[in-house]
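A quick write-up on the structure given underneath.
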Amino acid sequence: MLTTLRDITQSVAMSSSLEEALTSLVQRTKQAMMTQCCSVYLLEEQQLILSATDGLAVEAIGKVIMPLSEGLVGLVAQREELVNLAKAHLHPRFKIFPEAAEEHFQAFLAAPIIYQKQVLGVIVVQQNQARQFSEGEEAFLMTLAAQLAMAIHSLKQKVSHQSLGSQPVIYQGTAASRGIAIAHALVLGADLPLKQAELKAKDIDAELERLNNALGRSRDSLNALLQRFEREDDEVSNIMEALLLLLDEQSLGGEYLAEVRAGWMAESAVSRVSLKYIAQFSAMDDNYLKERSRDIKELGQRVLRQLIEPGKVTLHPGEPVILVAREADTGLLAEFPRQKLAGVVTELGGVNSHAAIVARALGVPALTGVEQLLNRQLDSRLMVINANRGQLLVEPGPSVIEEYRSLIASEKAQQREYASELHLPAVTLDEKRIHLYINAGLLSGVENQLAEAADGIGLYRSEIPFMLEQRFPSESAQVKVYRQVLKAASGRPVVMRTLDVGGDKPLPYFPIKEENPSLGWRGVRFSLDHPELFLIQLRAMMTASVVEHAQLSILLPMVSSIDEIDMALAYFEQAFEELQQEYGSQALRPKIGIMLEVPVLLFQLEEVAQRVDFVSVGSNDLTQYLLAVDRNNPRVSGLFDAYHPGILRALRRARIDCDKYGLDVSVCGELAGEPMGALLLVAMGYDRLSMNQGNLAMINYLLRRVSCAELQNLLLQSLSQSEGQDVREVVREFLMSLGLGNTVSH
């Protein structure tokens, strides 16, 4: 049955149109369930429309229409549950549609097709014989409906977009980094057509070098996949091995090269060889050999991607683009030339993924969760990102472009107003000094960011330089990087976080495959399991601070137990002793702290205070773990809410207990850089906030216009709410009353 389900869903997903998909669906489902009839009704404007059938009168398609309140099909959609009847005509909701010619059917089984809580339609099977469908048949239809939901949703969207004609297509997403951008799309990761233009090579040696490089990168990626799956999934690893064999010079790899030597460009060579063998294998009678044409196609597309996409990133500097990808990893964003990156749009990833955080650090508008982007042929098309409203517009008209240019100009004017006070300290109306620090990780931007009047670096993400390398950087290489960071700080405090990889921050040369990476081998857990790497990093940080005479603090991420703190401190002492042996009295002991992001430590702050100098609250992960929401999973990322009253109460308790036990505390999560979040944190007593540089001016401007006394009342109101959205409304009304509503207008 699993094979049958997979075949049906793949057939629907690969269809070029909604009509073709639904026709295939009803035919294959009828055959698989051995019934006399299968039909699909789609929900449009609260009416169910017969959209495909194999068993009812074909001429009834599009003509049988019923509201949700009528008929058995309407009952299924209304209740959002399966209905199984042996004699459908006896049910009070049964309704005859003469044009459908279904009078002779008695048995009725129907399941709703639901995508993200929204009913898309109903799939129905019927039989002449009066009988109850079995539990196995119920399970099959329910499973099929669930699997079909995303494909049907995507195809329906495609139809609605095509019907807009010259109107701009508007996609909805979730804002990961606010702002507006206008640029052409650069799509990475979309399906590449195997048929490429047949072009002759101008320089055969250069084409051979391009092709060999592409073949090498393809081998590397296949080997990485093979290593990942060889112990977990025999079927996948067998596929990877087969593709690697096809890359050999004695196989397709050699034929690609031969075509280039015969005078073709690399892309043309791969295309010609692939299409030739696909045609040959597809014509064979043997089913096994027919299936091999899929391997040839997959390999050809892999090599074409390596030929085409690396060149796409190196665009002319004067042409900024909107990067469109299935998922933008941190390394790609960090490496992408900043002057060429106007915005980012992805299908996957949450608003608090680390790629989204990097986008915010770069000040680049970004949207996540925009569905089925890579199937839309968007490459090089003009786009507008309106991340303030979570919208992506494709091919907008001149008047729309002009309107957005005006909005961009207005935003820039507002930013200039914020920046005009950035040289002044963040002091509330009742003289409370709030220290504002920046979160950093991209070395190229640190010096410029600090020049914008930050009080220091509250979080330096040391993993980003690791992610940009092809191997673990040496101690001397790390010292060089850390010295640059400390030098840029010009004597201001710098908090360096030790390596925090795993989860959504993979190292390209050290892949970690886990079922639940958010709860897996990451942060200090990784460092303690690799003391040889941990000691090198600790020594490199301390050495850099001695050379630069800097105010260094070291921060341990993802700490979940007192035992981990003790083990990490032992390595810290070992590294410091080695530093003393080399530098003597010049070696100053850095402060050491932990990230407060695993909820269990909220209840052990007394023990934590006996061991470390400070804690830094990572509001992103703390929220994720308290709410049991994977912030990178678009299916549930909407439940991630840092303003949930329970989260706010946890943050307040952390502040109270840190005061009680004499523990310095700051907040370095995204909440600190949001206007509403900063106000609530200051109301709780936090006076050290670390944020992306792009938010610094606005937060400084805002805090200089409020008093701690009025913030106390705001906090009490907020903590009494039951939902995060209610909290936002309370804070929004407060800001509006002060004439500061523009800070949260997005």
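Starting from 1 in every chain, residues are counted up; chains themselves are A, B, ... following the order of the structure tokens, and ligands are numbered from 1 as listed.
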
Per DSSP on the backbone, filter range 294-490 of chain A down to the residues in strand (DSSP E) and report them as a PyMOL selection string.
chain A and resi 321-325+341-346+366-368+382-386+391-394+435-440+457-461

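Considering the residues A:Pro599, A:Gly724, A:Pro425, A:Gly520 and counting only C-alpha atoms, Tyr643 in chain A has its shortest atom-to-atom contact with A:Gly724.
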
Show which residues sit within 6 Å of range 365-378 of chain A, as number ranges by chain. Count only C-alpha atoms, and ignore same-chain residues fewer than 4 positions away.
A: 173-179, 190, 343-348, 387

Those same residues, written as a short mmCIF file (atom, residue, chain, number, x, y, z; two decimals), in the first residue's frame with all heavy atoms?
```cif
data_model
loop_
_atom_site.label_atom_id
_atom_site.label_comp_id
_atom_site.auth_asym_id
_atom_site.auth_seq_id
_atom_site.Cartn_x
_atom_site.Cartn_y
_atom_site.Cartn_z
N GLY A 173 4.34 35.36 2.79
CA GLY A 173 5.36 34.68 3.57
C GLY A 173 5.39 35.26 4.97
O GLY A 173 4.51 36.03 5.36
N THR A 174 6.41 34.90 5.70
CA THR A 174 6.60 35.42 7.05
C THR A 174 7.83 36.29 7.08
O THR A 174 8.90 35.88 6.60
CB THR A 174 6.76 34.26 8.06
OG1 THR A 174 5.62 33.41 7.96
CG2 THR A 174 6.87 34.80 9.48
N ALA A 175 7.70 37.50 7.60
CA ALA A 175 8.83 38.43 7.63
C ALA A 175 9.90 37.93 8.59
O ALA A 175 9.64 37.72 9.77
CB ALA A 175 8.35 39.82 8.05
N ALA A 176 11.10 37.73 8.06
CA ALA A 176 12.23 37.32 8.89
C ALA A 176 13.16 38.49 9.17
O ALA A 176 13.89 38.49 10.15
CB ALA A 176 13.01 36.19 8.21
N SER A 177 13.16 39.47 8.29
CA SER A 177 13.96 40.68 8.47
C SER A 177 13.24 41.81 7.75
O SER A 177 13.02 41.74 6.54
CB SER A 177 15.36 40.48 7.88
OG SER A 177 16.13 41.66 7.98
N ARG A 178 12.81 42.83 8.49
CA ARG A 178 11.93 43.87 7.94
C ARG A 178 12.64 44.71 6.89
O ARG A 178 13.87 44.77 6.82
CB ARG A 178 11.36 44.74 9.05
CG ARG A 178 12.35 45.63 9.73
CD ARG A 178 11.69 46.40 10.87
NE ARG A 178 10.65 47.28 10.40
CZ ARG A 178 10.77 48.59 10.32
NH1 ARG A 178 11.90 49.19 10.68
NH2 ARG A 178 9.77 49.33 9.90
N GLY A 179 11.82 45.39 6.08
CA GLY A 179 12.36 46.27 5.06
C GLY A 179 11.72 46.00 3.71
O GLY A 179 10.91 45.08 3.54
N ALA A 190 16.48 25.62 -7.91
CA ALA A 190 15.28 25.20 -8.66
C ALA A 190 15.63 24.06 -9.60
O ALA A 190 16.80 23.84 -9.93
CB ALA A 190 14.73 26.38 -9.46
N GLY A 343 17.83 41.31 -1.09
CA GLY A 343 16.85 40.67 -0.23
C GLY A 343 16.95 39.16 -0.33
O GLY A 343 17.68 38.63 -1.19
N VAL A 344 16.22 38.47 0.54
CA VAL A 344 16.25 37.01 0.59
C VAL A 344 14.82 36.50 0.73
O VAL A 344 14.05 37.01 1.54
CB VAL A 344 17.09 36.51 1.80
CG1 VAL A 344 17.10 34.98 1.84
CG2 VAL A 344 18.50 37.05 1.74
N VAL A 345 14.49 35.47 -0.07
CA VAL A 345 13.19 34.82 0.03
C VAL A 345 13.42 33.31 0.01
O VAL A 345 14.11 32.80 -0.87
CB VAL A 345 12.26 35.19 -1.16
CG1 VAL A 345 10.88 34.60 -0.95
CG2 VAL A 345 12.17 36.69 -1.32
N THR A 346 12.84 32.60 0.98
CA THR A 346 13.03 31.15 1.04
C THR A 346 11.70 30.43 1.23
O THR A 346 10.75 30.98 1.77
CB THR A 346 13.97 30.75 2.19
OG1 THR A 346 13.36 31.07 3.44
CG2 THR A 346 15.31 31.45 2.09
N GLU A 347 11.68 29.17 0.78
CA GLU A 347 10.51 28.32 1.00
C GLU A 347 10.51 27.80 2.43
O GLU A 347 9.46 27.70 3.07
CB GLU A 347 10.54 27.12 0.05
CG GLU A 347 10.17 27.44 -1.37
CD GLU A 347 10.00 26.19 -2.21
OE1 GLU A 347 10.25 25.08 -1.70
OE2 GLU A 347 9.64 26.31 -3.39
N LEU A 348 11.71 27.42 2.92
CA LEU A 348 11.81 26.79 4.23
C LEU A 348 12.52 27.70 5.21
O LEU A 348 13.06 28.74 4.84
CB LEU A 348 12.55 25.46 4.11
CG LEU A 348 12.00 24.44 3.11
CD1 LEU A 348 12.87 23.21 3.08
CD2 LEU A 348 10.57 24.06 3.45
N ALA A 387 8.83 43.07 3.26
CA ALA A 387 8.94 42.23 4.46
C ALA A 387 8.18 42.84 5.63
O ALA A 387 7.91 42.15 6.61
CB ALA A 387 10.41 42.02 4.82
#
```

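Across the structure, CA of Arg483 in chain A and CA of Arg611 in chain A are spaced 27.1 Å apart.
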
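Taking CA of Leu245 in chain A and CA of Leu215 in chain A as endpoints, the distance between them is 12.0 Å.
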
Show me, as a list in words, the residues that have an atom within 12 Å of Glu70 in chain A when counting only C-alpha atoms, minus same-chain residues fewer than 2 positions from it.
Gln46, Gln47, Leu48, Val64, Ile65, Met66, Pro67, Leu68, Leu72, Val73, Gly74, Leu75, Val76, Ala77, Gln78, Pro92, Arg93, Phe94, Lys95, Ile96 and Phe97 of chain A

Correct to one decimal, the distance CA of Arg79 in chain A-CA of Pro112 in chain A is 8.9 Å

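Residues surrounding Asn128 in chain A within 7 Å are His104, Phe105, Gln106 and Ala107 of chain A [only C-alpha atoms; sequence separation below 3 positions excluded].
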
For His184 in chain A, the nearest of the candidates A:His91, A:Arg416, A:Lys156, A:Arg381, counting only C-alpha atoms
A:Arg381

Please return as an MDAnalysis selection string: the residues of range 441-675 of chain A that backbone DSSP assigns to helix (DSSP H, G or I).
chainID A and resid 443:450 463:467 475:489 517:519 524:529 531:548 562:586 599:603 605:609 619:627 637:639 645:660 670:673 675

Quick one: residues within 10 Å of Arg539 in chain A, only C-alpha atoms, excluding same-chain residues fewer than 2 positions away - as a ChimeraX atom specification?
/A:475-476,478-479,534-537,541-545,571-572,574-579

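With distances restricted to only C-alpha atoms, A:Ser527 is the closest residue to Arg497 in chain A from A:Ser722, A:Gln610, A:Gln147, A:Ser527.
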
At a cut-off of 12 Å, using only C-alpha atoms, what residues contact Thr3 in chain A? Leave out same-chain residues fewer than 5 positions from it and give the result as a ChimeraX atom specification.
/A:8-10,32,140,144

Kindly export the residues of the current selection with C-alpha atoms, as a short mmCIF file (atom, residue, chain, number, x, y, z; two decimals), in the first residue's frame.
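The result, stored in selection.cif:
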```cif
data_model
loop_
_atom_site.label_atom_id
_atom_site.label_comp_id
_atom_site.auth_asym_id
_atom_site.auth_seq_id
_atom_site.Cartn_x
_atom_site.Cartn_y
_atom_site.Cartn_z
CA ILE A 8 -0.40 8.30 -6.63
CA THR A 9 1.02 11.31 -4.76
CA GLN A 10 4.07 11.51 -7.06
CA ALA A 32 -6.06 1.07 -6.20
CA PHE A 140 -5.75 4.42 2.94
CA LEU A 144 -3.86 9.69 0.68
#
```

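Nearest to Leu323 in chain A of all the residues A:Gly71, A:Gly456, A:Gly523, A:Pro337 is A:Pro337, counting only C-alpha atoms.
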